[in-house]
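K.L.:
One file is attached below, work.cif, containing mmCIF, C-alpha atoms.
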```cif
data_final
#
loop_
_atom_site.label_atom_id
_atom_site.label_comp_id
_atom_site.auth_asym_id
_atom_site.auth_seq_id
_atom_site.Cartn_x
_atom_site.Cartn_y
_atom_site.Cartn_z
CA MET A 1 1.11 -30.94 -58.34
CA PRO A 2 0.99 -27.77 -56.32
CA ALA A 3 2.83 -24.59 -57.12
CA MET A 4 2.19 -21.24 -55.61
CA SER A 5 3.26 -17.67 -56.01
CA SER A 6 6.08 -16.30 -53.91
CA GLY A 7 5.11 -14.71 -50.64
CA ARG A 8 2.56 -17.38 -49.76
CA SER A 9 3.12 -20.17 -47.25
CA ARG A 10 5.41 -22.94 -48.46
CA HIS A 11 3.04 -25.87 -48.56
CA ALA A 12 0.39 -27.36 -50.75
CA GLY A 13 -1.93 -30.25 -51.30
CA PRO A 14 -2.73 -32.79 -54.01
CA GLY A 15 -2.00 -32.10 -57.67
CA PHE A 16 -4.47 -32.82 -60.43
CA ARG A 17 -3.95 -33.53 -64.10
CA ILE A 18 -6.09 -34.49 -67.05
CA ARG A 19 -5.38 -34.55 -70.75
CA ARG A 20 -6.58 -31.65 -72.88
CA ARG A 21 -9.19 -32.53 -75.50
CA THR A 22 -8.08 -36.14 -75.89
CA MET A 23 -9.42 -37.32 -72.57
CA THR A 24 -11.07 -40.75 -72.84
CA ALA A 25 -13.39 -42.71 -70.61
CA ALA A 26 -10.51 -45.07 -69.80
CA ALA A 27 -8.33 -42.17 -68.75
CA ILE A 28 -11.01 -40.78 -66.48
CA THR A 29 -11.60 -44.23 -64.98
CA ALA A 30 -7.93 -44.29 -63.97
CA ILE A 31 -7.87 -40.76 -62.56
CA LEU A 32 -7.66 -41.53 -58.87
CA SER A 33 -6.51 -44.48 -56.85
CA THR A 34 -5.48 -43.96 -53.30
CA ALA A 35 -0.77 -45.48 -51.78
CA LEU A 36 4.63 -50.40 -49.06
CA ALA A 37 7.73 -51.85 -49.69
CA ILE A 38 9.24 -51.59 -46.34
CA SER A 39 11.43 -48.54 -46.72
CA PRO A 40 13.36 -48.12 -43.47
CA THR A 41 15.65 -45.30 -42.48
CA HIS A 42 18.90 -46.16 -40.80
CA SER A 43 19.59 -46.14 -37.07
CA SER A 44 22.37 -46.17 -34.56
CA ALA A 45 23.36 -49.29 -32.65
CA ALA A 46 20.68 -50.59 -30.31
CA PRO A 47 21.28 -50.01 -26.57
CA LYS A 48 21.74 -52.85 -24.13
CA LEU A 49 19.09 -54.04 -21.69
CA PRO A 50 19.92 -55.25 -18.16
CA GLY A 51 21.71 -58.59 -18.44
CA GLY A 52 23.48 -57.59 -21.65
CA ARG A 53 20.56 -58.27 -24.02
CA ALA A 54 20.27 -55.89 -26.96
CA ALA A 55 17.16 -53.72 -26.96
CA LYS A 56 14.97 -53.90 -30.03
CA PRO A 57 15.45 -50.96 -32.40
CA THR A 58 12.68 -48.38 -32.17
CA ALA A 59 10.44 -47.81 -35.17
CA ILE A 60 7.38 -45.98 -36.46
CA VAL A 61 5.06 -47.40 -39.11
CA SER A 62 2.53 -46.02 -41.61
CA LEU A 63 -0.35 -48.19 -42.83
CA GLY A 64 -3.06 -47.52 -45.37
CA ASP A 65 -3.51 -45.94 -48.78
CA SER A 66 -1.88 -43.45 -51.12
CA PHE A 67 -2.41 -40.38 -48.96
CA ILE A 68 0.14 -41.70 -46.49
CA SER A 69 2.26 -43.80 -48.85
CA GLY A 70 3.62 -40.65 -50.46
CA GLU A 71 1.97 -40.93 -53.88
CA GLY A 72 2.43 -37.66 -55.73
CA GLY A 73 5.77 -37.00 -54.03
CA ARG A 74 7.53 -37.20 -57.42
CA TRP A 75 6.39 -33.68 -58.25
CA GLN A 76 7.42 -30.27 -56.93
CA GLY A 77 4.96 -28.16 -58.83
CA ASN A 78 2.52 -28.33 -61.70
CA VAL A 79 2.96 -27.09 -65.25
CA ASP A 80 0.65 -26.63 -68.23
CA MET A 81 2.70 -28.56 -70.79
CA ARG A 82 2.69 -32.04 -72.26
CA TYR A 83 4.61 -34.75 -70.45
CA SER A 84 8.22 -35.10 -71.58
CA GLU A 85 10.57 -38.08 -71.18
CA THR A 86 13.63 -35.84 -71.49
CA ASP A 87 12.69 -32.56 -69.83
CA SER A 88 12.25 -31.61 -66.16
CA MET A 89 9.14 -29.64 -67.16
CA PHE A 90 10.20 -26.36 -65.59
CA GLY A 91 11.70 -28.20 -62.62
CA THR A 92 8.53 -29.97 -61.54
CA ASP A 93 9.58 -33.59 -62.13
CA ARG A 94 11.93 -34.91 -59.44
CA ALA A 95 12.35 -38.15 -61.42
CA THR A 96 14.46 -36.29 -64.00
CA VAL A 97 18.10 -37.37 -64.17
CA CYS A 98 20.41 -35.29 -66.35
CA GLY A 99 23.90 -36.11 -67.59
CA PRO A 100 26.32 -35.28 -70.42
CA SER A 101 24.12 -37.06 -72.93
CA GLY A 102 20.91 -35.37 -71.86
CA CYS A 103 18.04 -36.03 -69.45
CA ARG A 104 15.86 -39.05 -68.79
CA LYS A 105 13.16 -40.06 -66.30
CA ASP A 106 13.74 -42.55 -63.45
CA PRO A 107 10.67 -42.65 -61.18
CA ASN A 108 12.37 -45.33 -59.04
CA ARG A 109 14.65 -42.67 -57.59
CA VAL A 110 11.54 -41.11 -56.03
CA TYR A 111 9.26 -44.11 -55.47
CA VAL A 112 11.54 -46.26 -53.35
CA GLY A 113 11.65 -49.99 -52.64
CA ASP A 114 10.58 -50.93 -56.17
CA SER A 115 7.17 -49.42 -55.43
CA TYR A 116 6.73 -47.61 -58.75
CA LEU A 117 5.67 -50.72 -60.68
CA ASP A 118 2.97 -53.22 -59.72
CA PRO A 119 4.87 -56.53 -59.43
CA THR A 120 1.74 -58.53 -60.28
CA THR A 121 1.53 -56.90 -63.71
CA GLY A 122 4.99 -55.47 -64.32
CA LYS A 123 3.30 -52.20 -65.20
CA GLU A 124 2.86 -48.82 -63.59
CA ASN A 125 0.48 -48.07 -60.70
CA GLY A 126 2.44 -49.68 -57.90
CA CYS A 127 2.27 -48.76 -54.22
CA HIS A 128 4.00 -45.41 -54.89
CA ARG A 129 5.96 -45.03 -51.64
CA SER A 130 7.93 -41.86 -52.15
CA ASP A 131 11.18 -40.75 -50.56
CA VAL A 132 9.31 -37.81 -49.03
CA ALA A 133 6.36 -39.77 -47.61
CA GLU A 134 4.75 -38.38 -44.46
CA ILE A 135 6.33 -40.99 -42.16
CA ILE A 136 9.80 -40.10 -43.49
CA GLU A 137 9.29 -36.34 -43.44
CA SER A 138 8.09 -36.48 -39.82
CA HIS A 139 11.74 -36.76 -38.68
CA ILE A 140 10.53 -38.48 -35.50
CA PRO A 141 13.71 -39.57 -33.66
CA VAL A 142 13.51 -43.35 -33.86
CA ASP A 143 15.89 -45.95 -35.25
CA GLN A 144 13.79 -46.85 -38.30
CA LYS A 145 10.73 -45.71 -40.21
CA PHE A 146 8.62 -48.18 -42.20
CA ASN A 147 6.14 -47.18 -44.89
CA LEU A 148 3.74 -50.09 -45.40
CA ALA A 149 1.00 -48.07 -47.11
CA CYS A 150 0.04 -48.75 -50.72
CA SER A 151 -1.80 -46.78 -53.37
CA GLY A 152 -5.29 -48.15 -53.90
CA ALA A 153 -5.49 -50.06 -50.60
CA VAL A 154 -8.85 -50.68 -48.94
CA THR A 155 -9.58 -51.83 -45.40
CA ASP A 156 -9.39 -55.52 -46.38
CA ASN A 157 -5.76 -54.99 -47.42
CA LEU A 158 -4.87 -53.96 -43.87
CA LEU A 159 -6.42 -56.97 -42.09
CA PRO A 160 -4.34 -60.07 -41.25
CA ALA A 161 -4.83 -62.91 -43.72
CA ALA A 162 -6.12 -65.08 -40.86
CA SER A 163 -8.91 -62.53 -40.33
CA GLY A 164 -9.93 -62.12 -43.95
CA GLY A 165 -7.16 -59.80 -45.08
CA ARG A 166 -6.29 -59.80 -48.78
CA ARG A 167 -2.98 -59.54 -50.57
CA PHE A 168 -2.55 -56.46 -52.73
CA LYS A 169 -0.16 -55.69 -55.56
CA GLY A 170 1.96 -58.74 -54.80
CA GLU A 171 2.29 -58.05 -51.09
CA ALA A 172 0.97 -59.68 -47.92
CA PRO A 173 -1.78 -57.86 -46.00
CA GLN A 174 -0.33 -54.87 -44.18
CA ALA A 175 -1.16 -56.23 -40.70
CA ASP A 176 0.90 -59.35 -41.45
CA GLN A 177 3.82 -57.17 -42.52
CA LEU A 178 3.32 -55.18 -39.31
CA ARG A 179 3.49 -58.42 -37.29
CA ALA A 180 6.88 -59.24 -38.78
CA LEU A 181 8.18 -55.80 -37.84
CA ALA A 182 6.67 -55.90 -34.34
CA ASN A 183 8.52 -59.15 -33.64
CA THR A 184 11.86 -57.46 -34.20
CA HIS A 185 11.23 -53.78 -33.37
CA ASP A 186 9.93 -51.64 -30.53
CA ILE A 187 7.07 -49.90 -32.33
CA LYS A 188 6.38 -46.38 -31.05
CA LEU A 189 3.76 -45.14 -33.53
CA ILE A 190 1.34 -46.66 -36.03
CA GLN A 191 -0.28 -44.01 -38.24
CA VAL A 192 -3.24 -45.16 -40.36
CA SER A 193 -4.87 -43.54 -43.43
CA ILE A 194 -7.75 -45.60 -44.81
CA SER A 195 -11.41 -45.52 -45.98
CA GLY A 196 -11.25 -43.27 -49.08
CA ASN A 197 -11.03 -46.21 -51.47
CA ASP A 198 -13.75 -48.09 -49.58
CA LEU A 199 -16.02 -45.18 -50.45
CA GLY A 200 -15.20 -45.45 -54.15
CA PHE A 201 -13.64 -42.01 -54.32
CA SER A 202 -12.24 -42.64 -57.83
CA ASP A 203 -15.73 -43.22 -59.23
CA ILE A 204 -16.92 -39.99 -57.67
CA ILE A 205 -14.07 -37.96 -59.17
CA LYS A 206 -14.57 -39.66 -62.54
CA SER A 207 -18.23 -38.76 -62.53
CA CYS A 208 -17.58 -35.13 -61.57
CA ILE A 209 -15.00 -34.65 -64.32
CA TRP A 210 -16.98 -36.49 -66.99
CA GLY A 211 -20.10 -34.52 -66.17
CA PHE A 212 -18.27 -31.20 -66.42
CA ILE A 213 -16.56 -31.99 -69.72
CA HIS A 214 -19.03 -34.18 -71.59
CA GLY A 215 -22.38 -33.97 -69.86
CA PRO A 216 -25.08 -31.38 -70.36
CA PHE A 217 -24.45 -28.19 -68.42
CA GLY A 218 -25.48 -28.59 -64.80
CA GLN A 219 -25.18 -32.40 -64.62
CA TYR A 220 -23.85 -32.43 -61.07
CA CYS A 221 -22.12 -35.55 -59.75
CA TRP A 222 -23.16 -34.83 -56.17
CA HIS A 223 -26.74 -35.58 -57.13
CA GLU A 224 -25.67 -39.12 -58.01
CA TYR A 225 -23.40 -39.86 -55.05
CA ASP A 226 -24.63 -37.87 -52.06
CA TRP A 227 -27.06 -40.47 -50.66
CA GLU A 228 -24.76 -43.45 -51.36
CA VAL A 229 -21.71 -41.85 -49.72
CA LYS A 230 -23.61 -40.77 -46.64
CA GLU A 231 -25.15 -44.22 -46.21
CA LYS A 232 -21.72 -45.85 -46.43
CA LEU A 233 -20.34 -43.36 -43.94
CA ARG A 234 -23.17 -44.16 -41.52
CA ARG A 235 -23.37 -47.93 -41.83
CA GLU A 236 -20.67 -49.77 -43.75
CA VAL A 237 -17.31 -48.03 -43.65
CA PRO A 238 -17.11 -47.25 -39.90
CA ASP A 239 -17.39 -50.96 -39.05
CA LYS A 240 -14.64 -51.77 -41.55
CA VAL A 241 -12.31 -49.18 -40.02
CA LYS A 242 -13.13 -50.38 -36.49
CA ASN A 243 -12.21 -53.90 -37.51
CA VAL A 244 -8.86 -52.65 -38.82
CA ILE A 245 -8.14 -50.97 -35.49
CA ASP A 246 -9.11 -54.09 -33.54
CA GLN A 247 -6.90 -56.30 -35.67
CA ILE A 248 -3.91 -53.95 -35.39
CA ARG A 249 -4.31 -53.97 -31.60
CA ARG A 250 -4.48 -57.76 -31.67
CA VAL A 251 -1.30 -58.06 -33.73
CA MET A 252 0.54 -55.71 -31.42
CA ARG A 253 -0.60 -57.48 -28.24
CA GLU A 254 0.38 -60.86 -29.65
CA THR A 255 3.87 -59.54 -30.40
CA GLY A 256 4.39 -58.17 -26.89
CA HIS A 257 3.27 -54.56 -27.36
CA PRO A 258 0.75 -53.45 -24.71
CA ASP A 259 -1.70 -50.78 -25.85
CA SER A 260 0.02 -48.17 -23.69
CA SER A 261 3.46 -48.82 -25.21
CA TYR A 262 2.80 -47.07 -28.53
CA VAL A 263 0.59 -44.48 -30.21
CA LEU A 264 -2.08 -45.77 -32.60
CA ALA A 265 -3.75 -43.07 -34.67
CA LEU A 266 -6.14 -42.54 -37.53
CA GLN A 267 -5.82 -39.53 -39.81
CA SER A 268 -8.27 -37.94 -42.22
CA TYR A 269 -7.63 -36.58 -45.72
CA PRO A 270 -6.62 -33.08 -46.82
CA SER A 271 -9.12 -31.51 -49.16
CA PRO A 272 -7.85 -31.48 -52.77
CA VAL A 273 -10.31 -28.77 -53.83
CA PRO A 274 -11.19 -25.34 -52.45
CA LEU A 275 -14.63 -23.91 -51.94
CA SER A 276 -15.99 -22.48 -55.19
CA ALA A 277 -15.46 -18.87 -54.05
CA ALA A 278 -11.71 -19.54 -53.70
CA TYR A 279 -11.07 -20.72 -57.30
CA ARG A 280 -8.93 -18.45 -59.44
CA TYR A 281 -10.91 -19.50 -62.53
CA SER A 282 -14.60 -18.93 -63.09
CA GLU A 283 -16.81 -21.97 -63.61
CA GLY A 284 -17.20 -21.49 -67.34
CA VAL A 285 -18.59 -24.21 -69.61
CA SER A 286 -16.97 -27.55 -70.45
CA VAL A 287 -13.64 -27.52 -72.33
CA SER A 288 -13.96 -23.77 -73.01
CA SER A 289 -13.61 -23.14 -69.28
CA GLN A 290 -10.24 -22.10 -67.87
CA ARG A 291 -10.87 -24.59 -65.09
CA TYR A 292 -10.34 -27.24 -67.74
CA SER A 293 -7.38 -25.54 -69.43
CA PRO A 294 -4.99 -24.31 -68.23
CA GLY A 295 -6.28 -25.03 -64.75
CA GLY A 296 -6.87 -28.77 -64.89
CA CYS A 297 -9.63 -28.53 -62.27
CA PRO A 298 -12.87 -29.21 -64.22
CA PHE A 299 -15.49 -29.10 -61.47
CA TYR A 300 -18.80 -27.34 -61.12
CA ASN A 301 -19.20 -24.99 -58.16
CA GLN A 302 -21.87 -27.20 -56.65
CA ASP A 303 -19.72 -30.32 -56.96
CA THR A 304 -16.62 -28.73 -55.47
CA ASN A 305 -18.58 -27.32 -52.53
CA TRP A 306 -20.17 -30.73 -51.93
CA ALA A 307 -16.78 -32.45 -52.10
CA ARG A 308 -15.27 -30.00 -49.61
CA LEU A 309 -18.14 -29.60 -47.15
CA ASP A 310 -19.88 -32.98 -47.35
CA LEU A 311 -17.45 -35.61 -48.66
CA VAL A 312 -14.14 -34.56 -47.06
CA THR A 313 -15.80 -33.40 -43.84
CA GLY A 314 -18.04 -36.48 -43.73
CA ILE A 315 -15.03 -38.80 -43.92
CA ALA A 316 -13.25 -36.78 -41.23
CA ASP A 317 -16.24 -36.90 -38.90
CA MET A 318 -16.58 -40.66 -39.41
CA LEU A 319 -12.89 -41.30 -38.66
CA GLU A 320 -12.99 -39.03 -35.62
CA GLY A 321 -15.97 -41.00 -34.32
CA VAL A 322 -14.17 -44.33 -34.80
CA ALA A 323 -11.07 -43.00 -33.03
CA ALA A 324 -13.17 -41.79 -30.08
CA GLU A 325 -15.01 -45.11 -29.77
CA LYS A 326 -11.79 -47.12 -29.94
CA ARG A 327 -9.96 -44.65 -27.67
CA ILE A 328 -7.08 -44.10 -30.06
CA HIS A 329 -5.57 -40.89 -31.36
CA TYR A 330 -6.87 -38.90 -34.32
CA LEU A 331 -5.24 -36.32 -36.62
CA ASP A 332 -7.60 -34.16 -38.67
CA LEU A 333 -5.98 -32.98 -41.91
CA GLN A 334 -8.96 -31.63 -43.85
CA TRP A 335 -7.87 -27.97 -43.59
CA SER A 336 -4.10 -28.56 -43.71
CA PHE A 337 -3.85 -27.31 -47.32
CA ASP A 338 -6.29 -24.44 -46.91
CA ARG A 339 -5.78 -21.86 -49.71
CA HIS A 340 -3.37 -24.18 -51.51
CA GLU A 341 -5.81 -26.62 -53.07
CA VAL A 342 -6.20 -27.28 -56.78
CA CYS A 343 -6.64 -24.00 -58.68
CA ALA A 344 -6.90 -21.93 -55.51
CA ARG A 345 -6.76 -18.17 -55.95
CA GLY A 346 -3.39 -16.54 -55.31
CA VAL A 347 -1.19 -19.45 -56.38
CA ARG A 348 0.40 -20.34 -59.71
CA GLN A 349 1.83 -23.14 -61.83
CA ALA A 350 5.49 -23.56 -62.73
CA ARG A 351 6.74 -21.51 -65.66
CA SER A 352 9.83 -20.76 -67.71
CA GLY A 353 12.77 -20.01 -65.44
CA ASP A 354 11.80 -22.55 -62.77
CA THR A 355 14.29 -25.45 -62.68
CA LEU A 356 15.09 -28.59 -60.70
CA SER A 357 17.76 -26.75 -58.74
CA SER A 358 15.60 -23.65 -58.36
CA PRO A 359 11.99 -24.89 -58.50
CA ILE A 360 8.84 -22.86 -58.12
CA PRO A 361 9.13 -21.59 -54.53
CA THR A 362 5.48 -22.09 -53.69
CA ARG A 363 2.96 -24.51 -55.09
CA ASP A 364 -0.32 -25.00 -56.92
CA HIS A 365 -2.35 -27.81 -58.50
CA GLY A 366 -3.80 -28.62 -61.83
CA ALA A 367 -2.80 -28.66 -65.45
CA ALA A 368 -4.72 -29.70 -68.54
CA HIS A 369 -1.97 -32.10 -69.63
CA SER A 370 -1.35 -35.46 -68.01
CA GLN A 371 1.98 -35.64 -66.19
CA GLY A 372 3.34 -38.94 -64.90
CA GLN A 373 0.68 -41.43 -63.80
CA VAL A 374 -2.92 -40.36 -63.46
CA GLU A 375 -2.99 -42.13 -60.07
CA GLU A 376 -0.73 -39.36 -58.78
CA SER A 377 -3.48 -36.81 -59.42
CA PHE A 378 -5.14 -35.21 -56.42
CA HIS A 379 -2.31 -36.23 -54.12
CA PRO A 380 0.11 -34.11 -52.10
CA ASN A 381 3.30 -33.36 -53.99
CA SER A 382 6.73 -33.21 -52.35
CA TYR A 383 5.92 -29.91 -50.65
CA GLY A 384 2.59 -31.24 -49.42
CA GLN A 385 4.32 -34.35 -48.06
CA LYS A 386 6.61 -32.12 -46.00
CA VAL A 387 3.55 -30.37 -44.57
CA LEU A 388 2.02 -33.69 -43.55
CA GLY A 389 5.33 -34.79 -42.03
CA LYS A 390 5.50 -31.61 -39.96
CA CYS A 391 1.95 -32.20 -38.74
CA LEU A 392 2.73 -35.81 -37.85
CA ARG A 393 5.85 -34.91 -35.83
CA GLU A 394 4.01 -32.39 -33.70
CA PHE A 395 1.04 -34.73 -33.37
CA TYR A 396 3.26 -37.56 -32.11
CA ASP A 397 4.99 -35.28 -29.59
CA LEU A 398 1.66 -34.07 -28.23
CA ALA A 399 0.17 -37.57 -28.18
CA ARG A 400 2.94 -38.69 -25.85
CA SER A 401 3.01 -35.62 -23.62
CA SER A 402 -0.66 -34.73 -23.13
CA GLY A 403 -3.94 -36.42 -22.37
CA GLN A 404 -5.50 -34.95 -25.52
CA ARG A 405 -6.10 -37.53 -28.26
CA GLU A 406 -7.62 -35.44 -31.09
CA TYR A 407 -5.92 -32.64 -33.00
CA THR A 408 -6.37 -30.73 -36.23
CA CYS A 409 -3.41 -29.44 -38.26
CA LEU A 410 -3.79 -25.90 -39.62
CA PRO A 411 -1.62 -23.57 -41.70
CA SER A 412 -0.45 -20.16 -40.59
CA GLN A 413 -0.80 -18.14 -43.77
CA GLY A 414 2.47 -16.74 -45.05
CA LYS A 415 4.64 -18.70 -42.61
CA GLY A 416 5.38 -21.79 -44.70
CA ILE A 417 5.85 -25.36 -43.56
CA ASP A 418 7.27 -24.22 -40.24
CA GLY A 419 4.05 -22.32 -39.61
CA MET A 420 1.90 -25.46 -39.50
CA ARG A 421 0.31 -25.77 -36.08
CA LEU A 422 -1.81 -28.28 -34.19
CA LYS A 423 -4.97 -27.34 -32.36
CA PRO A 424 -6.96 -29.62 -30.03
CA LEU A 425 -10.32 -30.63 -31.50
CA SER A 426 -11.99 -30.68 -28.10
CA PRO A 427 -11.19 -29.60 -24.54
#
```
So, in terms of structure tokens, how does the structure I just supplied come out?
P.N.:
Amino acid sequence: MPAMSSGRSRHAGPGFRIRRRTMTAAAITAILSTALAISPTHSSAAPKLPGGRAAKPTAIVSLGDSFISGEGGRWQGNVDMRYSETDSMFGTDRATVCGPSGCRKDPNRVYVGDSYLDPTTGKENGCHRSDVAEIIESHIPVDQKFNLACSGAVTDNLLPAASGGRRFKGEAPQADQLRALANTHDIKLIQVSISGNDLGFSDIIKSCIWGFIHGPFGQYCWHEYDWEVKEKLRREVPDKVKNVIDQIRRVMRETGHPDSSYVLALQSYPSPVPLSAAYRYSEGVSVSSQRYSPGGCPFYNQDTNWARLDLVTGIADMLEGVAAEKRIHYLDLQWSFDRHEVCARGVRQARSGDTLSSPIPTRDHGAAHSQGQVEESFHPNSYGQKVLGKCLREFYDLARSSGQREYTCLPSQGKGIDGMRLKPLSP
């Protein structure tokens, strides 16, 4: 989870953790999955319509995967120490509850709506909908906010069951949950984050890490995945995302919501890694490299540059193209954590003296020890979630007040969360 030195802007992106020299193939396989229980915020009494009928309460909804569900929001910094069930780990673990008899961990106080555990297995790796998820942190003035996104979701999990949608982690397809909400609420915004899991992002990350730690020097994962990813981005994944948009529109029309009555938007993903020149650790070699320990960011320069310039940008370009074709709104987030990615130069991890009540004031990513669930790795922590919420609020305001449909969210260095600004992508 991110943590940065004082004096830098107060935001960050996904955190990343791996175990030190005990990392196994199974652990790497689990490294990344991408994040519903309906988790509404309260509202005031609904106004009356002419004739005395009560107006439906207004609502906004998030659909998709872990990058909008709030996975990673448990953490408010990253620390190079082994996971503890009784320690706040220098104030980084928001799931820590302390009392007269000591401290314990309760992830359910952060991952709301029973979303910490997978109800189909009774084990960890649930939908991970945090109390600081983007939709909540947007503070958009509506009666209720619903987070229907789920860690690990793919496009099929968003489609209605009648159109081939599949249940996921014990829940109905997200479009069917949306239908239930749309029957009882006046939906003002539907924000969608999807496609990363359809591209097999976890396999890519696993390959990059395994190659750095265990493979011969120079065994770059981008060599293995470049052609496959670009083919999927050209041919397969865009059609899947278009189908999701079409089915959401259909659900909304069938529940009495004309297209013009709400904002429908796709968003891209923030980059979890910087360009190689921006790392604070040199590349080094395998487990002797500081990128492995204490950094927790074991990537070759070539792989990290490919991930930033080809993978993250390729997904963003694909989603922007889908949004333009379907004439919906689009929020580009690929540079929203610029200079605050995993192991970026000028930022730091938590250390002695940082506490829950006085946490590290600015954030960083990466630690060689596993903290919490590995699925939380490479996801925005609580500070990053606040950044995304700020972007979403301004995006929604502009979407309603201007004819511009495409924006990118950028940081203003040194100005913190309040310095996040939106810029039109095209005239």
K.L.:
When you draw a straight line from atom CA of Val374 of chain A to atom CA of Gly196 of chain A, how long is it in Å?
P.N.:
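Answer for the atom CA of Val374 of chain A to atom CA of Gly196 of chain A separation: 16.9 Å.
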K.L.:
Just want the 10 Å neighbourhood of segment 98-101 of chain A, counted on all atoms listed in the file, with same-chain residues fewer than 6 positions away dropped. Output as a ChimeraX atom specification.
P.N.:
/A:86-88
K.L.:
On this structure, the PyMOL selection byres ((chain A and resi 319) around 12) would catch which residues? List them as JSON, numbers by chain, sorted by chain and number.
P.N.:
{"A": [192, 193, 194, 195, 196, 233, 234, 237, 238, 239, 240, 241, 242, 245, 265, 266, 267, 268, 269, 312, 313, 314, 315, 316, 317, 318, 320, 321, 322, 323, 324, 325, 326, 327, 328, 329, 330, 331, 332, 333, 334, 406]}
K.L.:
Kindly indicate which residue among A:Arg129, A:Arg421, A:Arg253, A:Lys206 lies nearest to Pro107 of chain A, using all atoms listed in the file for the distances.
P.N.:
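Answer, going by the shortest atom-to-atom distance: A:Arg129.
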K.L.:
Report the residues retrieved by the PyMOL selection byres ((chain A and resi 154-171) around 6) from the displayed file, expressed as an NGL selection string.
P.N.:
:A and (118-120 or 153 or 172-176 or 197-198 or 244)
K.L.:
Next, the residues of the selection above should be written as a compact mmCIF listing (two decimals), in the coordinates of the input with C-alpha atoms.
P.N.:
```
# COMPACT_ATOMS: atom_id res chain seq x y z
CA ASP A 118 2.97 -53.22 -59.72
CA PRO A 119 4.87 -56.53 -59.43
CA THR A 120 1.74 -58.53 -60.28
CA ALA A 153 -5.49 -50.06 -50.60
CA ALA A 172 0.97 -59.68 -47.92
CA PRO A 173 -1.78 -57.86 -46.00
CA GLN A 174 -0.33 -54.87 -44.18
CA ALA A 175 -1.16 -56.23 -40.70
CA ASP A 176 0.90 -59.35 -41.45
CA ASN A 197 -11.03 -46.21 -51.47
CA ASP A 198 -13.75 -48.09 -49.58
CA VAL A 244 -8.86 -52.65 -38.82
```
K.L.:
Using Å and a single decimal, report how far atom CA of Asp106 of chain A sits from atom CA of Ile140 of chain A.
P.N.:
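Taking atom CA of Ile140 of chain A and atom CA of Asp106 of chain A, their separation equals 28.4 Å.
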K.L.:
Wanna dump the segment 280-360 of chain A-segment 63-85 of chain A contacts at 8 Å for me, each residue with its shortest atom pair and the distance in Å to one decimal, counting only C-alpha atoms, ordered by chain and number, as a tab-separated table?
P.N.:
```
residue	atom	partner	partner_atom	distance
A:Pro294	CA	A:Asp80	CA	6.1
A:Gly295	CA	A:Asp80	CA	7.9
A:Gln349	CA	A:Asn78	CA	5.2
A:Ala350	CA	A:Val79	CA	5.0
A:Arg351	CA	A:Val79	CA	6.8
A:Pro359	CA	A:Gln76	CA	7.2
A:Ile360	CA	A:Gly77	CA	6.6
```
K.L.:
Find, counting all atoms listed in the file, the residue in A:Gln413, A:Thr408, A:Gln247, A:Ser377 that gets nearest to Gly346 of chain A.
P.N.:
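That would be A:Gln413, the residue with the smallest distance to Gly346 of chain A.
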K.L.:
Tell me, as a ChimeraX atom specification, which residues lie within 10 Å of Leu181 of chain A, counting all atoms listed in the file; anything in the same chain fewer than 3 positions away does not count.
P.N.:
/A:38,59-61,146,175-178,184-187,252,255
K.L.:
Starting from the displayed file, determine the output of the PyMOL selection byres ((chain A and resi 279) around 9) and express the residue list as a VMD selection string.
P.N.:
chain A and resid 273 to 278 280 to 283 291 341 to 346
K.L.:
So that I can see what lies close to His214 of chain A, please list as a ChimeraX atom specification the residues with an atom at most 9 Å from it, counting all atoms listed in the file and leaving out residues fewer than 5 positions away in the same chain.
P.N.:
/A:209,286-287
K.L.:
For a quick check of understanding, using only C-alpha atoms, which of A:Leu422, A:Thr58, A:Pro298, A:Arg104 has the smallest distance to Pro141 of chain A?
P.N.:
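Going through A:Leu422, A:Thr58, A:Pro298, A:Arg104 one by one, the smallest distance to Pro141 of chain A is for A:Thr58.
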K.L.:
Can you tell me how far atom CA of Ala133 of chain A sits from atom CA of Gln385 of chain A, in Å to one decimal?
P.N.:
5.8 Å
K.L.:
Step by step: start from the point (15.2, -29.6, -63.0) in the file's coordinates, keep every protein, DNA or RNA residue that has an atom no farther than 7 Å from it, count only C-alpha atoms, and write the set as a list in words.
P.N.:
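Checked against the point, the hits come out as Ser88, Phe90, Gly91, Thr92, Asp93, Thr96, Thr355, Leu356 and Ser357 of chain A.
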K.L.:
Ranking A:Asp226, A:Ser138, A:Tyr220, A:Phe299 by minimum distance to Leu199 of chain A and counting only C-alpha atoms, which one comes first?
P.N.:
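Among the listed residues, the smallest separation from Leu199 of chain A belongs to A:Asp226.
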K.L.:
Using only C-alpha atoms, can you tell me which of A:Val263, A:Ile213, A:Cys208, A:Val251 comes closest to Ser288 of chain A?
P.N.:
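Ranking A:Val263, A:Ile213, A:Cys208, A:Val251 by distance to Ser288 of chain A, first place goes to A:Ile213.
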K.L.:
Here is a test: counting only C-alpha atoms, which residue of A:Glu137, A:Phe378, A:Ser207, A:Asp131 is nearest to Gly296 of chain A?
P.N.:
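So, comparing all the options, the nearest one is A:Phe378.
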K.L.:
Could the centre and edge lengths of an axis-aligned box, enclosing all atoms of segment 415-418 of chain A in the file with 5 Å extra on each side, be given in Å to one decimal as JSON?
P.N.:
```
{"center_x": 6.0, "center_y": -22.0, "center_z": -42.5, "size_x": 12.6, "size_y": 16.7, "size_z": 14.5}
```
